Each structure stands twice: as structure tokens, then as C-alpha cells.
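What follows is coords_29.txt (compact mmCIF, C-alpha atoms).
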```txt
# COMPACT_ATOMS: atom_id res chain seq x y z
CA MET S 1 -31.14 -31.09 23.80
CA PHE S 2 -32.00 -28.08 25.93
CA ALA S 3 -32.83 -24.64 24.56
CA VAL S 4 -30.61 -22.21 26.46
CA SER S 5 -31.97 -18.82 27.48
CA SER S 6 -30.07 -15.95 25.86
CA SER S 7 -30.66 -13.91 29.02
CA ALA S 8 -28.48 -16.27 31.08
CA ILE S 9 -25.40 -14.03 30.91
CA PRO S 10 -22.57 -14.28 31.78
CA THR S 11 -21.74 -17.87 30.88
CA ARG S 12 -22.07 -20.20 33.84
CA VAL S 13 -21.19 -23.79 34.58
CA VAL S 14 -23.14 -26.75 35.92
CA LEU S 15 -20.77 -28.98 37.90
CA LEU S 16 -21.78 -32.61 37.43
CA ALA S 17 -20.28 -34.85 40.10
CA GLY S 18 -20.97 -38.40 41.26
CA PRO S 19 -19.19 -41.71 41.80
CA SER S 20 -17.14 -43.16 38.96
CA GLY S 21 -19.51 -45.08 36.69
CA SER S 22 -22.67 -43.27 37.73
CA GLY S 23 -23.35 -42.09 34.16
CA LYS S 24 -22.09 -38.50 34.26
CA SER S 25 -20.60 -38.52 30.75
CA LEU S 26 -23.71 -40.04 29.20
CA LEU S 27 -25.98 -37.57 30.97
CA ALA S 28 -23.81 -34.65 29.88
CA ALA S 29 -23.87 -35.87 26.27
CA GLU S 30 -27.65 -36.35 26.39
CA SER S 31 -28.15 -32.76 27.56
CA GLY S 32 -26.70 -31.38 24.32
CA LEU S 33 -24.75 -28.74 26.27
CA PRO S 34 -21.01 -28.18 25.75
CA VAL S 35 -18.95 -30.36 28.10
CA LEU S 36 -15.61 -29.89 29.85
CA ARG S 37 -14.18 -33.27 30.97
CA LEU S 38 -12.59 -32.77 34.35
CA ASP S 39 -10.89 -36.18 34.11
CA ASP S 40 -8.48 -34.54 31.64
CA PHE S 41 -6.96 -32.66 34.57
CA TYR S 42 -5.58 -35.77 36.29
CA LYS S 43 -1.92 -35.63 37.25
CA GLU S 44 0.48 -37.84 35.32
CA ALA S 45 2.02 -41.08 36.56
CA GLY S 46 5.32 -40.33 38.25
CA ASP S 47 4.09 -37.13 39.88
CA PRO S 48 5.47 -37.31 43.43
CA THR S 49 2.30 -35.78 44.87
CA LEU S 50 0.08 -38.67 43.72
CA PRO S 51 -1.58 -40.37 46.72
CA LEU S 52 -1.59 -44.14 47.34
CA VAL S 53 -4.44 -46.35 48.49
CA GLU S 54 -3.90 -46.97 52.19
CA GLY S 55 -2.06 -50.24 52.73
CA SER S 56 -1.40 -50.69 49.00
CA SER S 57 1.03 -49.71 46.26
CA ASP S 58 -1.90 -48.71 44.01
CA ILE S 59 -2.22 -45.03 43.13
CA ASP S 60 -5.50 -43.69 44.52
CA TRP S 61 -7.02 -42.10 41.42
CA ASP S 62 -10.20 -41.40 43.43
CA HIS S 63 -8.38 -39.08 45.84
CA THR S 64 -8.64 -35.35 45.21
CA GLN S 65 -4.85 -35.03 45.27
CA SER S 66 -4.67 -37.07 42.05
CA TRP S 67 -5.90 -34.18 39.90
CA ASP S 68 -5.14 -30.49 39.44
CA ALA S 69 -8.11 -28.54 40.78
CA GLU S 70 -6.44 -25.15 40.30
CA VAL S 71 -5.90 -25.67 36.57
CA ALA S 72 -9.42 -27.07 36.16
CA VAL S 73 -10.99 -24.02 37.81
CA ALA S 74 -8.85 -21.73 35.66
CA ALA S 75 -10.17 -23.49 32.53
CA ILE S 76 -13.76 -23.11 33.73
CA VAL S 77 -13.31 -19.40 34.39
CA GLU S 78 -11.69 -18.87 30.99
CA LEU S 79 -14.60 -20.64 29.28
CA CYS S 80 -17.05 -18.43 31.17
CA ARG S 81 -15.18 -15.26 30.22
CA THR S 82 -14.09 -15.97 26.65
CA GLY S 83 -15.95 -19.07 25.44
CA ARG S 84 -12.77 -21.01 24.78
CA THR S 85 -9.81 -22.56 26.56
CA ASN S 86 -7.03 -25.11 26.04
CA VAL S 87 -7.37 -28.40 27.90
CA PRO S 88 -5.00 -31.35 28.25
CA VAL S 89 -5.74 -34.59 26.43
CA TYR S 90 -5.40 -37.32 29.05
CA ASP S 91 -4.94 -41.04 28.41
CA ILE S 92 -6.30 -42.90 31.44
CA SER S 93 -4.79 -46.23 30.38
CA THR S 94 -1.25 -44.79 30.52
CA SER S 95 -1.95 -42.10 33.14
CA SER S 96 -0.37 -39.47 30.92
CA ARG S 97 -1.16 -36.27 29.07
CA THR S 98 -0.77 -36.89 25.35
CA GLY S 99 -1.41 -33.40 24.05
CA VAL S 100 -3.52 -30.27 24.28
CA GLU S 101 -6.76 -29.43 22.50
CA SER S 102 -8.84 -26.30 22.20
CA LEU S 103 -12.37 -26.33 23.60
CA ASP S 104 -14.62 -23.69 22.06
CA ILE S 105 -18.16 -23.38 23.44
CA GLY S 106 -18.99 -20.28 21.42
CA ARG S 107 -21.47 -17.86 22.94
CA THR S 108 -23.58 -20.40 24.78
CA PRO S 109 -24.40 -19.13 28.29
CA LEU S 110 -24.24 -22.58 29.92
CA PHE S 111 -21.94 -25.60 29.86
CA ILE S 112 -21.26 -28.70 31.95
CA ALA S 113 -18.03 -29.60 33.73
CA GLU S 114 -18.25 -33.26 34.69
CA GLY S 115 -16.03 -35.57 36.70
CA ILE S 116 -15.68 -37.40 40.00
CA PHE S 117 -14.00 -34.35 41.56
CA ALA S 118 -16.52 -31.75 40.38
CA ALA S 119 -17.97 -31.30 43.87
CA ASP S 120 -14.55 -30.30 45.19
CA ILE S 121 -14.68 -27.03 43.26
CA VAL S 122 -18.28 -26.03 44.01
CA ALA S 123 -17.31 -23.47 46.63
CA ARG S 124 -14.59 -21.97 44.44
CA CYS S 125 -16.86 -21.67 41.38
CA GLU S 126 -19.59 -20.14 43.56
CA GLU S 127 -17.10 -17.67 45.00
CA LEU S 128 -16.01 -16.68 41.49
CA GLY S 129 -19.63 -16.15 40.41
CA VAL S 130 -19.63 -18.73 37.61
CA LEU S 131 -21.75 -21.49 39.16
CA ALA S 132 -25.23 -22.24 37.78
CA ASP S 133 -25.80 -25.50 39.68
CA ALA S 134 -23.96 -28.47 41.17
CA ILE S 135 -25.37 -31.97 40.80
CA CYS S 136 -24.25 -35.32 42.19
CA LEU S 137 -25.57 -38.16 40.05
CA SER S 138 -26.43 -41.16 42.23
CA ARG S 139 -27.79 -44.52 41.04
CA GLY S 140 -26.92 -46.94 43.85
CA PRO S 141 -23.73 -48.93 44.56
CA LEU S 142 -24.59 -52.14 42.67
CA THR S 143 -25.74 -50.37 39.51
CA THR S 144 -22.72 -48.09 39.56
CA PHE S 145 -20.34 -51.03 40.15
CA ARG S 146 -21.64 -52.89 37.08
CA ARG S 147 -21.60 -49.80 34.85
CA ARG S 148 -18.10 -48.81 35.95
CA LEU S 149 -16.56 -52.25 35.53
CA LEU S 150 -18.07 -52.84 32.08
CA ARG S 151 -16.94 -49.40 30.90
CA ASP S 152 -13.42 -49.71 32.29
CA LEU S 153 -12.95 -53.19 30.82
CA ARG S 154 -14.30 -52.08 27.45
CA GLU S 155 -11.98 -49.06 27.35
CA GLY S 156 -8.98 -50.91 28.79
CA ARG S 157 -8.47 -48.17 31.37
CA LYS S 158 -6.28 -50.20 33.74
CA SER S 159 -5.35 -53.83 34.42
CA VAL S 160 -8.19 -56.20 35.34
CA PRO S 161 -6.89 -56.86 38.90
CA PHE S 162 -6.61 -53.11 39.52
CA LEU S 163 -10.13 -52.49 38.20
CA LEU S 164 -11.59 -55.21 40.40
CA ARG S 165 -9.81 -53.93 43.51
CA ARG S 166 -10.89 -50.37 42.78
CA GLY S 167 -14.44 -51.38 41.91
CA TRP S 168 -14.93 -53.32 45.13
CA ARG S 169 -13.48 -50.48 47.22
CA LEU S 170 -15.70 -47.88 45.53
CA MET S 171 -18.83 -50.00 45.86
CA ARG S 172 -18.30 -50.29 49.62
CA THR S 173 -17.71 -46.55 50.02
CA GLU S 174 -20.20 -45.15 47.48
CA ARG S 175 -22.73 -43.89 50.01
CA GLY S 176 -19.96 -42.02 51.78
CA ILE S 177 -18.77 -40.57 48.45
CA VAL S 178 -22.25 -39.23 47.69
CA ALA S 179 -22.60 -37.82 51.22
CA ARG S 180 -19.28 -36.04 50.82
CA HIS S 181 -20.35 -34.49 47.51
CA VAL S 182 -23.55 -33.24 49.12
CA ALA S 183 -21.58 -31.77 52.02
CA LEU S 184 -19.44 -29.92 49.45
CA GLY S 185 -22.54 -28.32 47.93
CA ALA S 186 -23.81 -30.71 45.23
CA TYR S 187 -27.43 -31.85 44.99
CA ALA S 188 -27.75 -35.66 44.91
CA CYS S 189 -30.36 -37.06 42.53
CA ASP S 190 -31.04 -39.66 39.83
CA LYS S 191 -30.81 -39.14 36.09
CA GLU S 192 -34.35 -37.84 35.55
CA GLU S 193 -34.14 -35.22 38.27
CA ALA S 194 -30.69 -34.23 37.08
CA LEU S 195 -32.05 -33.62 33.57
CA GLY S 196 -34.76 -31.44 35.10
CA ARG S 197 -32.21 -29.35 36.97
CA LEU S 198 -30.13 -28.98 33.80
CA ALA S 199 -33.21 -27.77 31.94
CA SER S 200 -33.88 -25.20 34.67
CA ALA S 201 -30.28 -23.97 34.52
CA ALA S 202 -30.49 -23.77 30.72
CA ALA S 203 -33.60 -21.62 31.06
CA GLY S 204 -31.63 -19.19 33.22
CA ARG S 205 -33.01 -20.32 36.57
CA CYS S 206 -29.61 -20.68 38.26
CA ARG S 207 -29.30 -21.47 41.91
CA ARG S 208 -28.63 -18.49 44.13
CA ALA S 209 -25.04 -17.76 45.10
CA GLY S 210 -24.36 -19.28 48.48
CA ALA S 211 -27.40 -21.57 48.34
CA LYS S 212 -26.94 -24.98 49.94
CA ALA S 213 -27.90 -28.19 48.16
CA ALA S 214 -30.74 -30.21 49.60
```
Would you mind writing the structure in this file as C-alpha cells?
Amino acid sequence: MFAVSSSAIPTRVVLLAGPSGSGKSLLAAESGLPVLRLDDFYKEAGDPTLPLVEGSSDIDWDHTQSWDAEVAVAAIVELCRTGRTNVPVYDISTSSRTGVESLDIGRTPLFIAEGIFAADIVARCEELGVLADAICLSRGPLTTFRRRLLRDLREGRKSVPFLLRRGWRLMRTERGIVARHVALGAYACDKEEALGRLASAAAGRCRRAGAKAA
């Protein structure tokens, strides 16, 4: 758990991006910082704006149009300003919102917002002055494929055929996914370097506004 500098005011967010299965949730939990799960902002099944995988009837849950970025950013800003916000409770297995819960991070000056679409809101969070850092966790396509499949099967997220089709597609495109996150302003690194950057942010050494990721 990181000791957070009391001088790091106002509250800021570290956006933790990366391919599905790269270990974002585990890393966020290991940091000991409060966490906002961006996956809870997915749209619900039946939403007419949900995109499809090209050449398939599968919904493309890895496309940015499958989640509500505007509501997610609003929740981040509210957490930064007030220390609390209401977030939807999302059931991935049924692709539906099952309720609403209150997230209270107290007076801590730093929290993590993690999810596969985190990089898509880097520019907006930087513009609003709430961004401490943006990280893209990257562990390699084969490692990520195994982690993702085991997790999704264990949690019963979707049908086995769907998970296999999605897993194969994501494994083939993972390097492009990471490159896209970097282009959006996230810094690509492994778990150990990510923990180091989180520690720096917790100590109040936030990246400069407008700085580009390496």
C-alpha cells in the first residue's frame, strides 16, 4: 500500500488502461488506492448504439462505443471534487446494470480508474486538470490470453464459444491495442514499472499537464 502525500491536492486520478486480462484490477488492488471500475460504465444489452464485431453478430465489447465515456468522466470529476459519487453496478454475464452503489474515497488525494477504455479519456481528464498519470499495463499477448480466458471462464462472463472467439481476436490485435493506448497518452509498461509510477503519483509527483507518454 502506498503512502499518499497530503500535499497532492486537489484529488487526482491515475488512469490504468491495458488489454483485457493484463492484470489491471489486481494491480489496482495491490496498490491499496481507492479504485473506480470503468467496466461498470458499459452500455446495456439492447442499446441500439452497441457496435458489432465486423462480419459477426457478436457485440464488440472491446469497442469504445460499447461504454459511456461521458458518464465515466463525470464520475471521475465528481470524485476529484467531492470524494464521492454514485456508480452503476454492472453484471458482465448478463450485460446489464443491476443497481447503483455509492463510492466514497474520503479525502485521499489520489485514486485509480481502471478499465480497457481508460486511455480513451486521458485527454479529457488532462483538459479538466484531474489527471495524475495514465498507464497502459502490458504483459505480452500469450500471457494476457491465458489470464483473460481463465478469469472469464471462472467468472462465467460469457459463453465459452464467445470467450474463445474474443480471446483469439484480442491476442492477434494486442500489440495494436497497446500502441493505440500509447497514442492516446498512456505510458506502456509492465507491472513493476507501473507500481513505481503509482508510487510516484501517490507521493505527489504527478505528470505535467500536456505531457506526452513515452
- Which distance in Å separates atom CA of S:Arg169 and atom CA of S:Thr94, to one decimal? 21.5 Å
Do a neighbour search on S:Arg147 at 10 Å with all atoms listed in the file, toss out local chain neighbours closer than 4 positions, and write the hits as a PDB file with C-alpha atoms, in the coordinates of the input.
```pdb
ATOM      1  CA  SER S  20     -17.140 -43.160  38.960  1.00  0.00           C
ATOM      2  CA  GLY S  21     -19.510 -45.080  36.690  1.00  0.00           C
ATOM      3  CA  SER S  22     -22.670 -43.270  37.730  1.00  0.00           C
ATOM      4  CA  GLY S  23     -23.350 -42.090  34.160  1.00  0.00           C
ATOM      5  CA  PRO S 141     -23.730 -48.930  44.560  1.00  0.00           C
ATOM      6  CA  LEU S 142     -24.590 -52.140  42.670  1.00  0.00           C
ATOM      7  CA  THR S 143     -25.740 -50.370  39.510  1.00  0.00           C
ATOM      8  CA  ARG S 151     -16.940 -49.400  30.900  1.00  0.00           C
ATOM      9  CA  ASP S 152     -13.420 -49.710  32.290  1.00  0.00           C
TER      10      ASP S 152
END
```
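The protein and nucleic acid residues lying at most 9 Å from S:Gly115 are Leu15, Leu16, Ala17, Gly18, Pro19, Ser20, Lys24, Ser25, Leu36, Arg37, Leu38, Asp39, Ala113, Phe117, Ala118 and Ala119 of chain S, with all atoms listed in the file considered and sequence neighbours fewer than 2 positions away removed.
Distances here use all atoms listed in the file; by that measure, the residue among S:Ala199, S:Leu128, S:Ile135, S:Ile116 closest to S:Ile177 is S:Ile116.
Proximity to S:Val14 was assessed for S:Asp47, S:Glu126, S:Glu114, S:Asp133 counting only C-alpha atoms; the smallest distance is recorded for S:Asp133.
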- Message: I'd like the contact shell of S:Val130 - 9 Å cut-off, all atoms listed in the file, skipping same-chain residues fewer than 6 positions apart - returned as a ChimeraX atom specification.
- Response: /S:10-14,76-77,80
- Task: Mind checking which residues fall within 8 Å of stretch 182-195 of chain S, counting only C-alpha atoms, ignoring those fewer than 5 positions away in the same chain, and posting them as number ranges by chain?
- Result: S: 17, 27, 31, 119-120, 122-123, 133-139, 212-214
- Could you name the residues that touch S:Pro88 at 10 Å or less, counting all atoms listed in the file, but leaving out those on the same chain fewer than 6 positions away, as a VMD selection string? chain S and resid 37 to 42 96 to 102
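For the pair atom CA of S:Gly196 and atom CA of S:Ile112, the interatomic distance is 14.1 Å.
Atom pair atom CA of S:Gly46 / atom CA of S:Met171 has a distance of 27.1 Å (rounded to one decimal).
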- Query: Of the residues S:Ile105, S:Phe111, S:Arg148, S:Ala132, which is the one nearest to S:Leu163, using only C-alpha atoms?
  - Reply: S:Arg148
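Taking only C-alpha atoms into account, S:Gly204 lies nearest to S:Pro109 out of the set S:Pro109, S:Pro51, S:Gly83, S:Pro34.
Minimum distance to S:Trp67 across S:Gly176, S:Ile121, S:Leu33, S:Ala28 (counting all atoms listed in the file) occurs at S:Ile121.
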- Counting all atoms listed in the file, the option among S:Arg166, S:Pro161, S:Lys43, S:Ala179 closest to S:Asp68: S:Lys43
Quick test: take stretch 46-139 of chain S, keep C-alpha atoms, and write it as an mmCIF file, in the first residue's frame.
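Writing done, so here's decode.cif:
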```cif
data_model
loop_
_atom_site.group_PDB
_atom_site.id
_atom_site.type_symbol
_atom_site.label_atom_id
_atom_site.label_comp_id
_atom_site.auth_asym_id
_atom_site.auth_seq_id
_atom_site.Cartn_x
_atom_site.Cartn_y
_atom_site.Cartn_z
ATOM 1 C CA GLY S 46 -30.265 -3.946 -26.297
ATOM 2 C CA ASP S 47 -28.783 -0.468 -26.593
ATOM 3 C CA PRO S 48 -29.078 0.353 -30.313
ATOM 4 C CA THR S 49 -25.709 2.112 -30.315
ATOM 5 C CA LEU S 50 -23.763 -1.044 -29.376
ATOM 6 C CA PRO S 51 -21.234 -1.929 -32.107
ATOM 7 C CA LEU S 52 -20.862 -5.387 -33.666
ATOM 8 C CA VAL S 53 -17.690 -7.294 -34.484
ATOM 9 C CA GLU S 54 -17.116 -6.883 -38.214
ATOM 10 C CA GLY S 55 -18.559 -9.841 -40.105
ATOM 11 C CA SER S 56 -20.236 -11.250 -36.987
ATOM 12 C CA SER S 57 -23.392 -10.966 -34.909
ATOM 13 C CA ASP S 58 -21.289 -10.691 -31.721
ATOM 14 C CA ILE S 59 -21.415 -7.389 -29.849
ATOM 15 C CA ASP S 60 -17.948 -5.830 -29.821
ATOM 16 C CA TRP S 61 -17.466 -5.169 -26.111
ATOM 17 C CA ASP S 62 -13.884 -4.056 -26.854
ATOM 18 C CA HIS S 63 -15.047 -1.121 -28.983
ATOM 19 C CA THR S 64 -15.165 2.291 -27.341
ATOM 20 C CA GLN S 65 -18.787 2.735 -28.406
ATOM 21 C CA SER S 66 -19.788 -0.091 -26.040
ATOM 22 C CA TRP S 67 -19.364 2.081 -22.943
ATOM 23 C CA ASP S 68 -20.409 5.531 -21.762
ATOM 24 C CA ALA S 69 -17.283 7.681 -21.614
ATOM 25 C CA GLU S 70 -19.189 10.868 -20.766
ATOM 26 C CA VAL S 71 -20.751 9.386 -17.622
ATOM 27 C CA ALA S 72 -17.432 7.822 -16.603
ATOM 28 C CA VAL S 73 -15.612 11.151 -16.856
ATOM 29 C CA ALA S 74 -18.385 12.850 -14.888
ATOM 30 C CA ALA S 75 -17.937 10.280 -12.093
ATOM 31 C CA ILE S 76 -14.174 10.860 -12.056
ATOM 32 C CA VAL S 77 -14.602 14.620 -11.820
ATOM 33 C CA GLU S 78 -17.157 14.267 -9.020
ATOM 34 C CA LEU S 79 -14.768 12.025 -7.069
ATOM 35 C CA CYS S 80 -11.997 14.578 -7.516
ATOM 36 C CA ARG S 81 -14.214 17.436 -6.343
ATOM 37 C CA THR S 82 -16.245 15.828 -3.565
ATOM 38 C CA GLY S 83 -14.659 12.467 -2.726
ATOM 39 C CA ARG S 84 -17.791 10.517 -3.561
ATOM 40 C CA THR S 85 -20.040 9.580 -6.463
ATOM 41 C CA ASN S 86 -22.715 7.076 -7.466
ATOM 42 C CA VAL S 87 -21.694 4.395 -9.945
ATOM 43 C CA PRO S 88 -23.715 1.719 -11.740
ATOM 44 C CA VAL S 89 -23.371 -1.918 -10.705
ATOM 45 C CA TYR S 90 -22.803 -3.830 -13.932
ATOM 46 C CA ASP S 91 -23.241 -7.573 -14.465
ATOM 47 C CA ILE S 92 -20.979 -8.592 -17.357
ATOM 48 C CA SER S 93 -22.558 -12.037 -17.694
ATOM 49 C CA THR S 94 -25.977 -10.509 -18.467
ATOM 50 C CA SER S 95 -24.688 -7.242 -19.960
ATOM 51 C CA SER S 96 -26.965 -5.248 -17.684
ATOM 52 C CA ARG S 97 -26.906 -2.687 -14.906
ATOM 53 C CA THR S 98 -28.315 -4.270 -11.763
ATOM 54 C CA GLY S 99 -28.249 -1.277 -9.454
ATOM 55 C CA VAL S 100 -26.327 1.740 -8.226
ATOM 56 C CA GLU S 101 -23.778 1.970 -5.428
ATOM 57 C CA SER S 102 -22.027 4.842 -3.721
ATOM 58 C CA LEU S 103 -18.248 5.084 -3.995
ATOM 59 C CA ASP S 104 -16.670 7.153 -1.229
ATOM 60 C CA ILE S 105 -12.901 7.708 -1.389
ATOM 61 C CA GLY S 106 -12.848 10.128 1.524
ATOM 62 C CA ARG S 107 -10.157 12.797 1.494
ATOM 63 C CA THR S 108 -7.485 10.780 -0.259
ATOM 64 C CA PRO S 109 -5.753 12.919 -2.921
ATOM 65 C CA LEU S 110 -5.264 10.035 -5.381
ATOM 66 C CA PHE S 111 -7.335 7.180 -6.790
ATOM 67 C CA ILE S 112 -7.232 4.773 -9.728
ATOM 68 C CA ALA S 113 -9.770 4.475 -12.538
ATOM 69 C CA GLU S 114 -9.099 1.205 -14.329
ATOM 70 C CA GLY S 115 -10.528 -0.413 -17.428
ATOM 71 C CA ILE S 116 -9.828 -1.281 -21.049
ATOM 72 C CA PHE S 117 -11.130 2.125 -22.168
ATOM 73 C CA ALA S 118 -9.192 4.234 -19.667
ATOM 74 C CA ALA S 119 -6.829 5.564 -22.334
ATOM 75 C CA ASP S 120 -9.770 6.978 -24.278
ATOM 76 C CA ILE S 121 -10.366 9.602 -21.597
ATOM 77 C CA VAL S 122 -6.751 10.657 -20.978
ATOM 78 C CA ALA S 123 -7.059 13.858 -22.996
ATOM 79 C CA ARG S 124 -10.368 14.795 -21.373
ATOM 80 C CA CYS S 125 -9.090 14.204 -17.820
ATOM 81 C CA GLU S 126 -5.929 16.170 -18.624
ATOM 82 C CA GLU S 127 -8.019 19.015 -20.018
ATOM 83 C CA LEU S 128 -10.119 19.059 -16.841
ATOM 84 C CA GLY S 129 -6.994 19.171 -14.662
ATOM 85 C CA VAL S 130 -7.667 15.934 -12.769
ATOM 86 C CA LEU S 131 -5.052 13.629 -14.311
ATOM 87 C CA ALA S 132 -2.085 12.436 -12.237
ATOM 88 C CA ASP S 133 -0.833 9.788 -14.676
ATOM 89 C CA ALA S 134 -2.018 7.388 -17.369
ATOM 90 C CA ILE S 135 -0.596 3.872 -17.542
ATOM 91 C CA CYS S 136 -1.102 1.054 -20.035
ATOM 92 C CA LEU S 137 -0.308 -2.298 -18.429
ATOM 93 C CA SER S 138 1.294 -4.627 -20.987
ATOM 94 C CA ARG S 139 2.414 -8.224 -20.386
#
```
